[in-house]
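S.K.: Input file: start-v8.pdb. Contents: PDB, C-alpha atoms.
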```
ATOM      1  CA  MET A   1      94.493 117.581 -97.195  1.00  0.00           C
ATOM      2  CA  VAL A   2      97.275 115.002 -97.226  1.00  0.00           C
ATOM      3  CA  LYS A   3      99.719 115.421-100.093  1.00  0.00           C
ATOM      4  CA  LYS A   4     100.731 112.139-101.687  1.00  0.00           C
ATOM      5  CA  ASN A   5     104.287 111.394-102.693  1.00  0.00           C
ATOM      6  CA  PRO A   6     105.339 112.723-106.086  1.00  0.00           C
ATOM      7  CA  ARG A   7     105.785 110.410-109.047  1.00  0.00           C
ATOM      8  CA  ILE A   8     109.473 109.791-109.542  1.00  0.00           C
ATOM      9  CA  ILE A   9     110.700 110.488-113.062  1.00  0.00           C
ATOM     10  CA  ARG A  10     114.224 109.460-114.008  1.00  0.00           C
ATOM     11  CA  LYS A  11     115.985 111.599-116.607  1.00  0.00           C
ATOM     12  CA  TYR A  12     118.646 109.776-118.575  1.00  0.00           C
ATOM     13  CA  LYS A  13     121.686 111.233-120.291  1.00  0.00           C
ATOM     14  CA  ASN A  14     120.016 110.721-123.688  1.00  0.00           C
ATOM     15  CA  ARG A  15     117.224 113.084-122.457  1.00  0.00           C
ATOM     16  CA  LYS A  16     114.678 110.270-122.119  1.00  0.00           C
ATOM     17  CA  LEU A  17     112.291 110.493-119.198  1.00  0.00           C
ATOM     18  CA  TYR A  18     111.211 107.330-117.379  1.00  0.00           C
ATOM     19  CA  ASP A  19     108.138 107.292-115.128  1.00  0.00           C
ATOM     20  CA  THR A  20     108.881 104.813-112.345  1.00  0.00           C
ATOM     21  CA  THR A  21     105.184 104.650-111.373  1.00  0.00           C
ATOM     22  CA  SER A  22     103.939 103.463-114.768  1.00  0.00           C
ATOM     23  CA  SER A  23     107.252 101.771-115.686  1.00  0.00           C
ATOM     24  CA  LYS A  24     107.475 103.421-119.101  1.00  0.00           C
ATOM     25  CA  TYR A  25     109.189 106.246-120.940  1.00  0.00           C
ATOM     26  CA  VAL A  26     107.166 109.458-121.137  1.00  0.00           C
ATOM     27  CA  THR A  27     107.234 112.627-123.199  1.00  0.00           C
ATOM     28  CA  LEU A  28     107.033 116.206-121.975  1.00  0.00           C
ATOM     29  CA  ASP A  29     103.397 116.302-123.158  1.00  0.00           C
ATOM     30  CA  GLU A  30     102.621 113.210-121.095  1.00  0.00           C
ATOM     31  CA  LEU A  31     104.255 114.797-118.043  1.00  0.00           C
ATOM     32  CA  ALA A  32     102.111 117.893-118.588  1.00  0.00           C
ATOM     33  CA  GLU A  33      99.010 115.673-118.584  1.00  0.00           C
ATOM     34  CA  ILE A  34     100.163 113.963-115.367  1.00  0.00           C
ATOM     35  CA  LEU A  35     100.489 117.384-113.742  1.00  0.00           C
ATOM     36  CA  LYS A  36      97.096 118.548-115.054  1.00  0.00           C
ATOM     37  CA  LYS A  37      95.504 115.473-113.460  1.00  0.00           C
ATOM     38  CA  GLY A  38      96.821 116.641-110.098  1.00  0.00           C
ATOM     39  CA  ASP A  39      99.860 114.427-109.587  1.00  0.00           C
ATOM     40  CA  ASP A  40     103.145 115.967-108.513  1.00  0.00           C
ATOM     41  CA  ILE A  41     106.416 114.859-110.074  1.00  0.00           C
ATOM     42  CA  SER A  42     110.010 114.752-108.956  1.00  0.00           C
ATOM     43  CA  VAL A  43     112.590 114.466-111.719  1.00  0.00           C
ATOM     44  CA  ILE A  44     115.906 112.916-110.748  1.00  0.00           C
ATOM     45  CA  GLY A  45     119.026 112.612-112.898  1.00  0.00           C
ATOM     46  CA  HIS A  46     119.609 108.894-113.386  1.00  0.00           C
ATOM     47  CA  GLU A  47     123.392 109.005-113.100  1.00  0.00           C
ATOM     48  CA  THR A  48     123.802 111.978-110.743  1.00  0.00           C
ATOM     49  CA  SER A  49     120.671 111.736-108.549  1.00  0.00           C
ATOM     50  CA  GLU A  50     120.454 115.532-109.007  1.00  0.00           C
ATOM     51  CA  ASP A  51     117.004 117.116-108.660  1.00  0.00           C
ATOM     52  CA  LEU A  52     116.064 118.235-112.183  1.00  0.00           C
ATOM     53  CA  THR A  53     112.402 118.997-111.506  1.00  0.00           C
ATOM     54  CA  SER A  54     112.625 122.758-112.124  1.00  0.00           C
ATOM     55  CA  LEU A  55     114.539 122.198-115.354  1.00  0.00           C
ATOM     56  CA  VAL A  56     111.971 119.721-116.701  1.00  0.00           C
ATOM     57  CA  LEU A  57     109.033 121.922-115.661  1.00  0.00           C
ATOM     58  CA  SER A  58     110.685 124.771-117.587  1.00  0.00           C
ATOM     59  CA  GLU A  59     111.111 122.443-120.582  1.00  0.00           C
ATOM     60  CA  ILE A  60     107.401 121.585-120.418  1.00  0.00           C
ATOM     61  CA  LEU A  61     106.465 125.285-120.452  1.00  0.00           C
ATOM     62  CA  TYR A  62     108.858 125.972-123.323  1.00  0.00           C
ATOM     63  CA  ASP A  63     107.560 123.003-125.315  1.00  0.00           C
ATOM     64  CA  GLN A  64     103.937 124.050-124.853  1.00  0.00           C
ATOM     65  CA  GLU A  65     104.668 127.666-125.792  1.00  0.00           C
ATOM     66  CA  LYS A  66     106.625 126.503-128.838  1.00  0.00           C
ATOM     67  CA  ASN A  67     103.684 124.363-129.940  1.00  0.00           C
ATOM     68  CA  LYS A  68     101.209 127.230-129.492  1.00  0.00           C
ATOM     69  CA  LYS A  69      99.652 125.703-126.374  1.00  0.00           C
ATOM     70  CA  SER A  70     100.178 128.833-124.271  1.00  0.00           C
ATOM     71  CA  VAL A  71      99.677 128.099-120.621  1.00  0.00           C
ATOM     72  CA  LEU A  72     100.921 131.262-118.920  1.00  0.00           C
ATOM     73  CA  PRO A  73     100.205 134.898-119.667  1.00  0.00           C
ATOM     74  CA  LEU A  74     103.186 136.990-120.695  1.00  0.00           C
ATOM     75  CA  GLU A  75     102.835 139.131-117.568  1.00  0.00           C
ATOM     76  CA  LEU A  76     103.195 136.088-115.308  1.00  0.00           C
ATOM     77  CA  LEU A  77     106.235 134.798-117.191  1.00  0.00           C
ATOM     78  CA  THR A  78     107.825 138.229-116.836  1.00  0.00           C
ATOM     79  CA  LYS A  79     107.105 138.290-113.087  1.00  0.00           C
ATOM     80  CA  ILE A  80     108.625 134.844-112.637  1.00  0.00           C
ATOM     81  CA  ILE A  81     111.836 135.893-114.386  1.00  0.00           C
ATOM     82  CA  LYS A  82     112.034 139.147-112.444  1.00  0.00           C
ATOM     83  CA  SER A  83     111.447 137.427-109.118  1.00  0.00           C
ATOM     84  CA  LYS A  84     114.182 134.905-109.903  1.00  0.00           C
ATOM     85  CA  GLU A  85     116.633 137.742-110.655  1.00  0.00           C
ATOM     86  CA  SER A  86     115.923 139.456-107.347  1.00  0.00           C
ATOM     87  CA  SER A  87     116.442 136.263-105.343  1.00  0.00           C
ATOM     88  CA  ASN A  88     119.983 135.728-106.663  1.00  0.00           C
TER      89      ASN A  88
END
```
For the file at hand, write its structure as structure tokens.

M.R.:
Amino acid sequence: MVKKNPRIIRKYKNRKLYDTTSSKYVTLDELAEILKKGDDISVIGHETSEDLTSLVLSEILYDQEKNKKSVLPLELLTKIIKSKESSN
């Protein structure tokens, strides 16, 4: 299976997210839908060119949990945090 290139999302200082594929601003919910459809994303800081993908994916999870759209079981979230601690 050949993996296609990720959709490039630019994150601006004002926290807006711009999808360079569709040439429009997107919300965290819209990014979640893009991911659910099978597309990968790469989030780049507009001014710094820093890779912000992990940060935005975390924001998507937080936003969905906050809005009662739980996507991950508590046990898995706990394992993720614990595994991150042990890798530092």

S.K.: Written as number ranges by chain, what is the full residue list that the PyMOL selection byres ((chain A and resi 20) around 9) yields on the file shown?

M.R.: A: 7-10, 18-19, 21-25

S.K.: Atom CA of Leu52 of chain A and atom CA of Glu30 of chain A, how far apart in Å?

M.R.: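 One can read the atom CA of Glu30 of chain A to atom CA of Leu52 of chain A distance as 16.9 Å.
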
S.K.: Given the file above and the PyMOL selection byres ((chain A and resi 13) around 12), which residues are selected, and can you give them as a ChimeraX atom specification?

M.R.: /A:10-12,14-18,44-49

S.K.: Could you check how far atom CA of Ile60 of chain A sits from atom CA of Leu28 of chain A, in Å to one decimal?

M.R.: 5.6 Å

S.K.: For this file, the PyMOL selection byres ((chain A and resi 29) around 12) selects which residues, as number ranges by chain?

M.R.: A: 17, 25-28, 30-36, 56-57, 59-65, 67, 69

S.K.: For a test of reading the model, state the distance in Å between atom CA of Lys37 of chain A and atom CA of Ser54 of chain A, rounded to one decimal.

M.R.: 18.7 Å

S.K.: Got a minute to add N, CA and C atoms to segment 19-44 of chain A and dump it as an mmCIF file, keeping the file's coordinate frame?

M.R.:
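So the final result, stored in rebuild.cif, reads:
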```cif
data_model
loop_
_atom_site.group_PDB
_atom_site.id
_atom_site.type_symbol
_atom_site.label_atom_id
_atom_site.label_comp_id
_atom_site.auth_asym_id
_atom_site.auth_seq_id
_atom_site.Cartn_x
_atom_site.Cartn_y
_atom_site.Cartn_z
ATOM 1 N N ASP A 19 109.075 107.206 -116.247
ATOM 2 C CA ASP A 19 108.138 107.292 -115.128
ATOM 3 C C ASP A 19 108.206 105.981 -114.352
ATOM 4 N N THR A 20 108.721 106.039 -113.130
ATOM 5 C CA THR A 20 108.881 104.813 -112.345
ATOM 6 C C THR A 20 107.545 104.273 -111.842
ATOM 7 N N THR A 21 106.506 105.105 -111.809
ATOM 8 C CA THR A 21 105.184 104.650 -111.373
ATOM 9 C C THR A 21 104.525 103.773 -112.431
ATOM 10 N N SER A 22 104.573 104.237 -113.680
ATOM 11 C CA SER A 22 103.939 103.463 -114.768
ATOM 12 C C SER A 22 104.923 102.538 -115.470
ATOM 13 N N SER A 23 106.196 102.605 -115.091
ATOM 14 C CA SER A 23 107.252 101.771 -115.686
ATOM 15 C C SER A 23 107.322 101.909 -117.201
ATOM 16 N N LYS A 24 107.348 103.191 -117.660
ATOM 17 C CA LYS A 24 107.475 103.421 -119.101
ATOM 18 C C LYS A 24 108.106 104.788 -119.342
ATOM 19 N N TYR A 25 108.648 104.954 -120.537
ATOM 20 C CA TYR A 25 109.189 106.246 -120.940
ATOM 21 C C TYR A 25 108.029 107.186 -121.242
ATOM 22 N N VAL A 26 108.216 108.457 -120.919
ATOM 23 C CA VAL A 26 107.166 109.458 -121.137
ATOM 24 C C VAL A 26 107.746 110.665 -121.867
ATOM 25 N N THR A 27 106.860 111.402 -122.506
ATOM 26 C CA THR A 27 107.234 112.627 -123.199
ATOM 27 C C THR A 27 106.919 113.826 -122.302
ATOM 28 N N LEU A 28 107.367 114.988 -122.710
ATOM 29 C CA LEU A 28 107.033 116.206 -121.975
ATOM 30 C C LEU A 28 105.516 116.436 -121.974
ATOM 31 N N ASP A 29 104.856 116.153 -123.092
ATOM 32 C CA ASP A 29 103.397 116.302 -123.158
ATOM 33 C C ASP A 29 102.708 115.373 -122.165
ATOM 34 N N GLU A 30 103.210 114.157 -122.044
ATOM 35 C CA GLU A 30 102.621 113.210 -121.095
ATOM 36 C C GLU A 30 102.850 113.677 -119.652
ATOM 37 N N LEU A 31 104.009 114.251 -119.382
ATOM 38 C CA LEU A 31 104.255 114.797 -118.043
ATOM 39 C C LEU A 31 103.309 115.955 -117.757
ATOM 40 N N ALA A 32 103.058 116.792 -118.755
ATOM 41 C CA ALA A 32 102.111 117.893 -118.588
ATOM 42 C C ALA A 32 100.727 117.354 -118.229
ATOM 43 N N GLU A 33 100.318 116.286 -118.874
ATOM 44 C CA GLU A 33 99.010 115.673 -118.584
ATOM 45 C C GLU A 33 98.977 115.099 -117.165
ATOM 46 N N ILE A 34 100.072 114.492 -116.733
ATOM 47 C CA ILE A 34 100.163 113.963 -115.367
ATOM 48 C C ILE A 34 99.964 115.098 -114.370
ATOM 49 N N LEU A 35 100.612 116.225 -114.628
ATOM 50 C CA LEU A 35 100.489 117.384 -113.742
ATOM 51 C C LEU A 35 99.069 117.945 -113.755
ATOM 52 N N LYS A 36 98.459 118.019 -114.937
ATOM 53 C CA LYS A 36 97.096 118.548 -115.054
ATOM 54 C C LYS A 36 96.091 117.680 -114.309
ATOM 55 N N LYS A 37 96.386 116.391 -114.190
ATOM 56 C CA LYS A 37 95.504 115.473 -113.460
ATOM 57 C C LYS A 37 95.673 115.603 -111.948
ATOM 58 N N GLY A 38 96.667 116.394 -111.527
ATOM 59 C CA GLY A 38 96.821 116.641 -110.098
ATOM 60 C C GLY A 38 97.983 115.935 -109.433
ATOM 61 N N ASP A 39 98.698 115.099 -110.166
ATOM 62 C CA ASP A 39 99.860 114.427 -109.587
ATOM 63 C C ASP A 39 101.064 115.361 -109.577
ATOM 64 N N ASP A 40 101.878 115.241 -108.560
ATOM 65 C CA ASP A 40 103.145 115.967 -108.513
ATOM 66 C C ASP A 40 104.224 115.046 -109.067
ATOM 67 N N ILE A 41 105.295 115.654 -109.578
ATOM 68 C CA ILE A 41 106.416 114.859 -110.074
ATOM 69 C C ILE A 41 107.708 115.336 -109.423
ATOM 70 N N SER A 42 108.653 114.437 -109.383
ATOM 71 C CA SER A 42 110.010 114.752 -108.956
ATOM 72 C C SER A 42 110.934 114.121 -109.989
ATOM 73 N N VAL A 43 111.716 114.951 -110.655
ATOM 74 C CA VAL A 43 112.590 114.466 -111.719
ATOM 75 C C VAL A 43 114.009 114.374 -111.177
ATOM 76 N N ILE A 44 114.585 113.194 -111.288
ATOM 77 C CA ILE A 44 115.906 112.916 -110.748
ATOM 78 C C ILE A 44 116.834 112.483 -111.886
#
```
